[in-house]
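Text of the file entry-v9.txt, holding compact mmCIF, C-alpha atoms and all ligand atoms:
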```txt
# COMPACT_ATOMS: atom_id res chain seq x y z
CA MET A 21 64.52 30.10 -26.59
CA ILE A 22 64.01 27.77 -23.59
CA ARG A 23 61.73 30.35 -22.00
CA LYS A 24 59.65 30.45 -25.14
CA ILE A 25 59.34 26.68 -25.24
CA LEU A 26 58.39 26.64 -21.56
CA ARG A 27 55.77 29.26 -22.14
CA ILE A 28 54.27 27.31 -25.04
CA LEU A 29 54.31 24.14 -22.95
CA GLY A 30 52.57 26.01 -20.16
CA ILE A 31 49.85 27.22 -22.52
CA ILE A 32 49.36 23.69 -23.89
CA LEU A 33 49.06 22.30 -20.36
CA LEU A 34 46.57 24.99 -19.48
CA ILE A 35 44.47 24.16 -22.55
CA ILE A 36 44.54 20.45 -21.68
CA ALA A 37 43.50 21.21 -18.11
CA LEU A 38 40.66 23.44 -19.33
CA LEU A 39 39.48 20.80 -21.79
CA PHE A 40 39.54 18.24 -19.02
CA ILE A 41 37.43 20.46 -16.76
CA ILE A 42 34.94 21.12 -19.55
CA LEU A 43 34.67 17.41 -20.40
CA ALA A 44 34.22 16.48 -16.75
CA ALA A 45 31.53 19.13 -16.31
CA VAL A 46 29.67 17.96 -19.41
CA TYR A 47 29.93 14.23 -18.89
CA PHE A 48 30.08 13.82 -15.16
CA PRO A 49 26.43 14.66 -14.31
CA THR A 50 25.09 12.03 -16.72
CA MET A 51 27.69 9.47 -15.71
CA LYS A 52 27.02 10.19 -12.07
CA LYS A 53 23.34 9.61 -12.59
CA LEU A 54 23.88 6.42 -14.56
CA TYR A 55 26.55 4.80 -12.47
CA PHE A 56 26.33 6.32 -9.03
CA GLY A 57 22.84 7.75 -8.78
CA ASN A 58 19.95 5.76 -7.50
CA SER A 59 16.31 6.49 -8.08
CA VAL A 60 13.60 4.13 -6.97
CA ILE A 61 10.30 3.46 -8.73
CA HIS A 62 7.66 1.53 -6.83
CA ALA A 63 5.84 0.14 -9.86
CA ASP A 64 3.33 -1.70 -7.65
CA SER A 65 3.21 -3.21 -4.17
CA ALA A 66 5.35 -6.19 -5.23
CA LEU A 67 7.68 -4.73 -7.85
CA THR A 68 10.34 -2.06 -7.41
CA ILE A 69 12.73 -0.67 -10.01
CA TYR A 70 16.12 0.70 -8.91
CA LEU A 71 17.61 2.93 -11.59
CA GLY A 72 21.33 3.63 -11.87
CA GLY A 73 24.19 2.74 -9.58
CA GLY A 74 25.39 0.39 -12.32
CA GLY A 75 22.78 -1.32 -14.47
CA ASN A 76 19.11 -0.86 -13.61
CA SER A 77 17.69 -3.48 -11.23
CA VAL A 78 14.25 -4.91 -10.55
CA VAL A 79 13.19 -6.48 -7.25
CA PHE A 80 10.03 -8.58 -7.17
CA GLU A 81 8.51 -9.96 -4.01
CA SER A 82 6.18 -12.96 -4.08
CA ASP A 83 4.91 -15.05 -1.18
CA SER A 84 7.42 -17.79 -1.94
CA ALA A 85 10.60 -15.91 -2.92
CA VAL A 86 12.22 -12.58 -3.75
CA LEU A 87 13.57 -12.12 -7.26
CA VAL A 88 16.39 -9.67 -8.01
CA ILE A 89 17.27 -8.87 -11.60
CA ASP A 90 20.82 -7.46 -11.88
CA THR A 91 22.79 -6.69 -8.74
CA LYS A 92 24.68 -3.43 -9.65
CA PHE A 93 28.20 -2.78 -8.39
CA GLY A 94 30.07 -1.06 -5.54
CA LYS A 95 28.19 0.86 -2.88
CA SER A 96 24.91 0.70 -4.83
CA ALA A 97 25.15 -3.09 -4.89
CA GLU A 98 25.55 -3.12 -1.11
CA ARG A 99 22.57 -0.80 -0.66
CA LEU A 100 20.40 -2.95 -2.93
CA HIS A 101 21.48 -6.12 -1.15
CA ARG A 102 20.52 -4.69 2.25
CA LYS A 103 17.05 -3.79 0.90
CA VAL A 104 16.58 -7.30 -0.51
CA GLU A 105 17.75 -8.94 2.72
CA SER A 106 15.25 -7.04 4.82
CA LEU A 107 12.47 -7.69 2.31
CA ALA A 108 13.18 -11.40 1.99
CA GLY A 109 13.56 -12.30 5.66
CA THR A 110 13.51 -16.09 5.57
CA LYS A 111 12.28 -16.37 1.99
CA PRO A 112 14.73 -17.65 -0.62
CA VAL A 113 16.28 -15.11 -2.99
CA ILE A 114 16.65 -15.74 -6.72
CA VAL A 115 19.12 -13.60 -8.66
CA VAL A 116 18.89 -13.19 -12.42
CA ASN A 117 21.66 -11.51 -14.41
CA THR A 118 20.71 -10.20 -17.82
CA HIS A 119 24.37 -10.61 -18.85
CA ALA A 120 27.86 -11.00 -17.39
CA ASP A 121 28.94 -7.32 -17.23
CA LEU A 122 30.20 -6.28 -13.84
CA ASP A 123 27.91 -3.23 -13.57
CA HIS A 124 25.02 -5.76 -13.54
CA THR A 125 26.66 -8.60 -11.60
CA GLY A 126 28.96 -6.80 -9.16
CA GLY A 127 26.65 -7.48 -6.21
CA ASN A 128 26.28 -11.22 -6.90
CA PRO A 129 28.83 -12.39 -4.28
CA LEU A 130 26.72 -10.70 -1.58
CA TYR A 131 23.83 -13.11 -2.24
CA ARG A 132 25.50 -16.11 -0.66
CA ASN A 133 22.53 -18.48 -0.49
CA ALA A 134 20.70 -17.33 -3.58
CA LYS A 135 20.10 -19.30 -6.72
CA ILE A 136 21.81 -17.30 -9.46
CA ILE A 137 20.59 -17.57 -13.04
CA SER A 138 22.00 -16.12 -16.26
CA GLY A 139 22.37 -16.84 -19.97
CA ARG A 140 24.74 -19.66 -20.91
CA VAL A 141 28.30 -18.42 -21.32
CA ASP A 142 31.62 -20.17 -21.00
CA GLU A 143 32.42 -20.39 -17.27
CA ASN A 144 35.98 -19.18 -17.88
CA TYR A 145 34.59 -16.14 -19.62
CA TRP A 146 32.34 -15.42 -16.64
CA ILE A 147 35.26 -15.74 -14.23
CA THR A 148 37.42 -13.35 -16.27
CA ALA A 149 34.61 -10.81 -16.74
CA ASN A 150 33.73 -10.93 -13.05
CA LYS A 151 37.29 -11.08 -11.70
CA GLY A 152 36.59 -14.35 -9.89
CA LYS A 153 34.23 -17.22 -9.35
CA ALA A 154 32.28 -15.70 -6.42
CA GLY A 155 28.66 -15.13 -7.37
CA MET A 156 28.84 -17.17 -10.55
CA PRO A 157 25.44 -18.48 -11.71
CA SER A 158 24.55 -22.09 -10.97
CA VAL A 159 21.73 -22.15 -13.51
CA TRP A 160 22.38 -21.26 -17.15
CA VAL A 161 19.51 -20.43 -19.49
CA THR A 162 20.01 -21.65 -23.04
CA ASP A 163 16.51 -21.11 -24.41
CA THR A 164 13.66 -20.02 -22.12
CA MET A 165 12.83 -20.65 -18.49
CA ASN A 166 9.66 -19.84 -16.56
CA LEU A 167 9.83 -18.74 -12.95
CA ARG A 168 6.44 -19.10 -11.30
CA LEU A 169 6.28 -16.65 -8.42
CA GLY A 170 2.84 -16.41 -6.82
CA ASP A 171 0.40 -15.12 -9.42
CA GLU A 172 3.20 -13.88 -11.68
CA THR A 173 5.19 -15.83 -14.24
CA VAL A 174 8.56 -14.42 -15.14
CA MET A 175 9.79 -15.70 -18.46
CA LEU A 176 13.54 -15.65 -18.93
CA ILE A 177 14.35 -15.62 -22.62
CA SER A 178 17.85 -16.09 -23.97
CA VAL A 179 18.43 -14.03 -27.11
CA GLY A 180 21.93 -15.48 -27.53
CA GLN A 181 24.83 -13.27 -28.56
CA ALA A 182 23.90 -9.59 -28.82
CA HIS A 183 25.30 -6.99 -26.40
CA THR A 184 27.53 -9.73 -24.92
CA TRP A 185 28.19 -13.42 -25.67
CA CYS A 186 24.77 -14.21 -24.24
CA ASP A 187 22.02 -11.87 -23.14
CA ILE A 188 18.75 -12.78 -21.51
CA VAL A 189 15.63 -10.69 -20.98
CA ALA A 190 13.02 -11.14 -18.25
CA TYR A 191 9.35 -10.77 -19.11
CA PHE A 192 6.76 -10.38 -16.34
CA ARG A 193 3.72 -11.83 -18.07
CA ASN A 194 0.90 -10.42 -15.95
CA ARG A 195 2.48 -7.01 -15.74
CA ASP A 196 3.59 -6.81 -19.40
CA LEU A 197 6.91 -5.60 -18.09
CA LEU A 198 10.15 -6.41 -19.86
CA VAL A 199 13.62 -6.12 -18.35
CA THR A 200 16.03 -5.93 -21.28
CA GLY A 201 19.48 -5.56 -19.75
CA ASP A 202 21.86 -3.79 -22.12
CA LEU A 203 19.97 -4.78 -25.25
CA VAL A 204 18.24 -1.46 -24.72
CA PHE A 205 19.80 1.81 -23.56
CA ASN A 206 17.56 4.83 -23.03
CA GLY A 207 18.96 8.32 -23.50
CA VAL A 208 22.51 6.98 -23.59
CA ASN A 209 24.70 5.74 -26.42
CA THR A 210 25.23 2.02 -26.24
CA PHE A 211 28.63 0.59 -25.48
CA PHE A 212 30.18 -2.16 -27.59
CA ASP A 213 33.21 -4.21 -26.67
CA GLU A 214 34.12 -7.08 -28.94
CA ARG A 215 36.02 -8.86 -26.16
CA LYS A 216 32.75 -9.34 -24.34
CA GLY A 217 30.99 -10.47 -27.50
CA SER A 218 29.18 -7.24 -28.46
CA ASN A 219 27.66 -7.72 -31.89
CA GLY A 220 25.76 -4.91 -33.59
CA TRP A 221 23.92 -7.00 -36.17
CA LYS A 222 22.95 -9.68 -33.67
CA SER A 223 21.74 -6.92 -31.33
CA ILE A 224 19.39 -5.73 -34.07
CA GLU A 225 18.18 -9.33 -34.59
CA ALA A 226 17.67 -9.78 -30.85
CA LEU A 227 15.56 -6.61 -30.68
CA LYS A 228 13.44 -7.90 -33.56
CA LYS A 229 12.93 -11.17 -31.68
CA LEU A 230 11.42 -9.27 -28.76
CA ARG A 231 8.55 -8.31 -31.03
CA VAL A 232 7.10 -11.82 -30.60
CA LEU A 233 6.18 -10.86 -27.05
CA PRO A 234 2.61 -9.74 -26.56
CA GLU A 235 2.07 -6.02 -25.99
CA VAL A 236 4.85 -4.80 -23.67
CA SER A 237 3.66 -1.88 -21.58
CA THR A 238 6.80 -1.21 -19.53
CA VAL A 239 10.41 -1.59 -20.60
CA VAL A 240 13.18 -1.44 -18.02
CA PRO A 241 16.34 -0.77 -20.07
CA GLY A 242 19.86 -1.69 -18.93
CA HIS A 243 20.65 2.01 -18.43
CA GLY A 244 18.48 5.11 -18.41
CA GLU A 245 14.85 5.76 -17.55
CA THR A 246 12.06 3.22 -18.01
CA GLY A 247 9.58 3.65 -20.85
CA GLY A 248 7.07 1.83 -23.01
CA GLY A 249 7.50 -0.63 -25.88
CA GLU A 250 8.78 2.23 -28.04
CA LEU A 251 12.16 1.96 -26.30
CA ILE A 252 12.74 -1.33 -28.16
CA THR A 253 11.85 0.13 -31.56
CA ARG A 254 13.89 3.24 -30.85
CA MET A 255 16.98 1.16 -30.00
CA GLN A 256 16.50 -0.86 -33.17
CA THR A 257 16.24 2.34 -35.24
CA TYR A 258 19.34 3.77 -33.52
CA LEU A 259 21.46 0.73 -34.38
CA GLY A 260 20.00 0.64 -37.91
CA ASP A 261 20.88 4.32 -38.37
CA MET A 262 24.45 3.73 -37.20
CA ALA A 263 24.81 0.83 -39.65
CA LEU A 264 23.36 3.01 -42.42
CA ALA A 265 25.80 5.84 -41.68
CA ALA A 266 28.67 3.33 -41.75
CA LYS A 267 27.64 2.33 -45.26
CA HIS A 268 26.84 5.84 -46.50
CA PRO A 269 29.43 8.36 -45.23
CA GLU A 270 27.24 11.26 -46.39
CA LYS A 271 24.75 10.26 -43.68
CA VAL A 272 27.25 10.44 -40.79
CA LYS A 273 26.64 14.12 -40.06
CA GLU A 274 22.86 13.68 -40.13
CA MET A 275 22.96 10.72 -37.71
CA LYS A 276 25.34 12.42 -35.32
CA LYS A 277 22.93 15.34 -35.26
CA LYS A 278 19.87 13.10 -34.82
CA TYR A 279 21.39 11.47 -31.73
CA ARG A 280 23.27 14.46 -30.33
CA LYS A 281 21.16 14.49 -27.16
CA LEU A 282 22.14 10.98 -26.09
CA ALA A 283 24.65 10.84 -23.26
CA SER A 284 28.13 9.70 -24.29
CA MET A 285 31.19 8.43 -22.50
CA PRO A 286 34.32 10.03 -23.93
CA GLY A 287 36.26 7.45 -25.93
CA MET A 288 33.82 4.68 -25.04
CA SER A 289 30.37 5.35 -26.38
CA SER A 290 29.17 7.85 -28.96
CA PRO A 291 27.42 7.67 -32.34
CA GLY A 292 30.88 8.01 -33.96
CA ILE A 293 32.20 4.94 -32.14
CA ILE A 294 29.17 2.82 -33.05
CA ILE A 295 29.40 3.97 -36.69
CA GLU A 296 33.08 2.90 -36.67
CA TYR A 297 32.02 -0.49 -35.29
CA PHE A 298 29.61 -1.03 -38.21
CA LYS A 299 32.28 0.12 -40.67
CA LYS A 300 34.50 -2.67 -39.36
CA HIS A 301 31.61 -5.15 -39.51
CA PRO A 302 29.56 -4.34 -42.60
ZN ZN B 401 25.49 -2.16 -18.45
```

Starting from the file, lay out its structure as structure tokens.
Amino acid sequence: MIRKILRILGIILLIIALLFIILAAVYFPTMKKLYFGNSVIHADSALTIYLGGGGNSVVFESDSAVLVIDTKFGKSAERLHRKVESLAGTKPVIVVNTHADLDHTGGNPLYRNAKIISGRVDENYWITANKGKAGMPSVWVTDTMNLRLGDETVMLISVGQAHTWCDIVAYFRNRDLLVTGDLVFNGVNTFFDERKGSNGWKSIEALKKLRVLPEVSTVVPGHGETGGGELITRMQTYLGDMALAAKHPEKVKEMKKKYRKLASMPGMSSPGIIIEYFKKHP
């Protein structure tokens, strides 16, 4: 009897271990790319895009200052910081955070003398989300703010609550380049957490608001590869589809199939999880 139970237990353990290996093999390459990988795009002589290693980052060099949008976390944050330091020399550094999530702000404390700008959130919320006060912004955007950097004007636009309690986007006017933070994910399922203020319906509204911008030729999403203006529309459709499936259960299968190629994080982000979110918030 005991032997039999032990044997069954052994088989169960083996199955769990196998499942774990399969899951790791399936999910790890995408996660590695998103959170640990780093690929660099030199968009032009002044603007560089650093994909992965946390949220995507943009570094812009003008004759008066160096602008860094999102500072990543861990080792990637350190690498990015070293690049910025050597680029800036004696020039001042301005840091912009699209939102308060640690994968976008983790490197902030490294930029000791920089002016740090983000969307207006409660300071206590920032401190909790960032596990401390180090690297907290000193300038909070409530509406819009223009940064004039050489011949470029970078417009910081607060869209209010969307992916978090307050998200801002950065629009490089002359380049028609938009840095969206986690309002837009490309090739990856989005991730909602109500404790950080994620709001599906307000995210859809925020994406609609971005349409007021003149023709956007390049979109740098919070995670995933860069693309054109279609990334915004695609994200809006994705969220709309999830809301639709939440309302019409017969559509769930169709939507899961439509978005099956998007990367997921087990238990954290998948079409199923976003559909559940909209079911809770019709
Ligand atoms: Zn993120």

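The coordinates place atom CA of Thr184 of chain A at 10.9 Å from atom CA of Ala149 of chain A.
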
Considering only C-alpha atoms and all ligand atoms, give me a table of residues in chain A that are at most 6 Å from ligand ZN 401 (chain B), with the closest atom pair and distance in Å for each, as CSV.
```
residue,atom,partner,partner_atom,distance
A:Gly75,CA,B:ZN401,ZN,4.9
A:Asp123,CA,B:ZN401,ZN,5.6
A:Asp202,CA,B:ZN401,ZN,5.4
A:Gly242,CA,B:ZN401,ZN,5.7
```

Minimum-distance residue to Met288 of chain A, chosen among A:Ala66, A:Val208, A:Ile224, A:Ile147 (using all atoms listed in the file)
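Selected residue with least distance to Met288 of chain A: A:Val208.
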
Computed gap from atom CA of Gly287 of chain A to atom CA of Leu39 of chain A is 14.3 Å

List the spatial neighbours of Val113 of chain A as a PyMOL selection string - criterion: any atom at most 7 Å away, only C-alpha atoms, same-chain residues fewer than 3 positions off excluded.
chain A and resi 85-87+108+134-135

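Within the 9 Å cut-off around Gly201 of chain A, using all atoms listed in the file and omitting residues fewer than 3 positions from it on the same chain, the listed residues are Gly75, Asn76, Ser77, Asp90, Asn117, Thr118, His119, His124, His183, Asp187, Ile188, Val189, Ala190, Val204, Phe205, Val240, Pro241, Gly242 and His243 of chain A.
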
As an exercise, work out the distance from atom CA of Thr162 of chain A to atom CA of Glu81 of chain A in Å and give it to one decimal place.
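About the pair atom CA of Thr162 of chain A and atom CA of Glu81 of chain A: they are 25.1 Å apart.
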
Within 12 Å of segment 100-104 of chain A using only C-alpha atoms, minus same-chain residues under 4 positions, as a VMD selection string:
chain A and resid 58 to 60 67 to 81 85 to 96 108 to 115 124 to 132 134

Hey, what's within 10 Å of Glu172 of chain A if we count only C-alpha atoms and toss same-chain stuff fewer than 5 positions away? As a PyMOL selection string, please?
chain A and resi 80+82+167+192-195

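Of the residues under consideration (A:Glu296, A:Glu250, A:Asp163, A:Glu245), A:Glu296 shows the shortest atom-to-atom contact distance to Lys267 of chain A when counting all atoms listed in the file.
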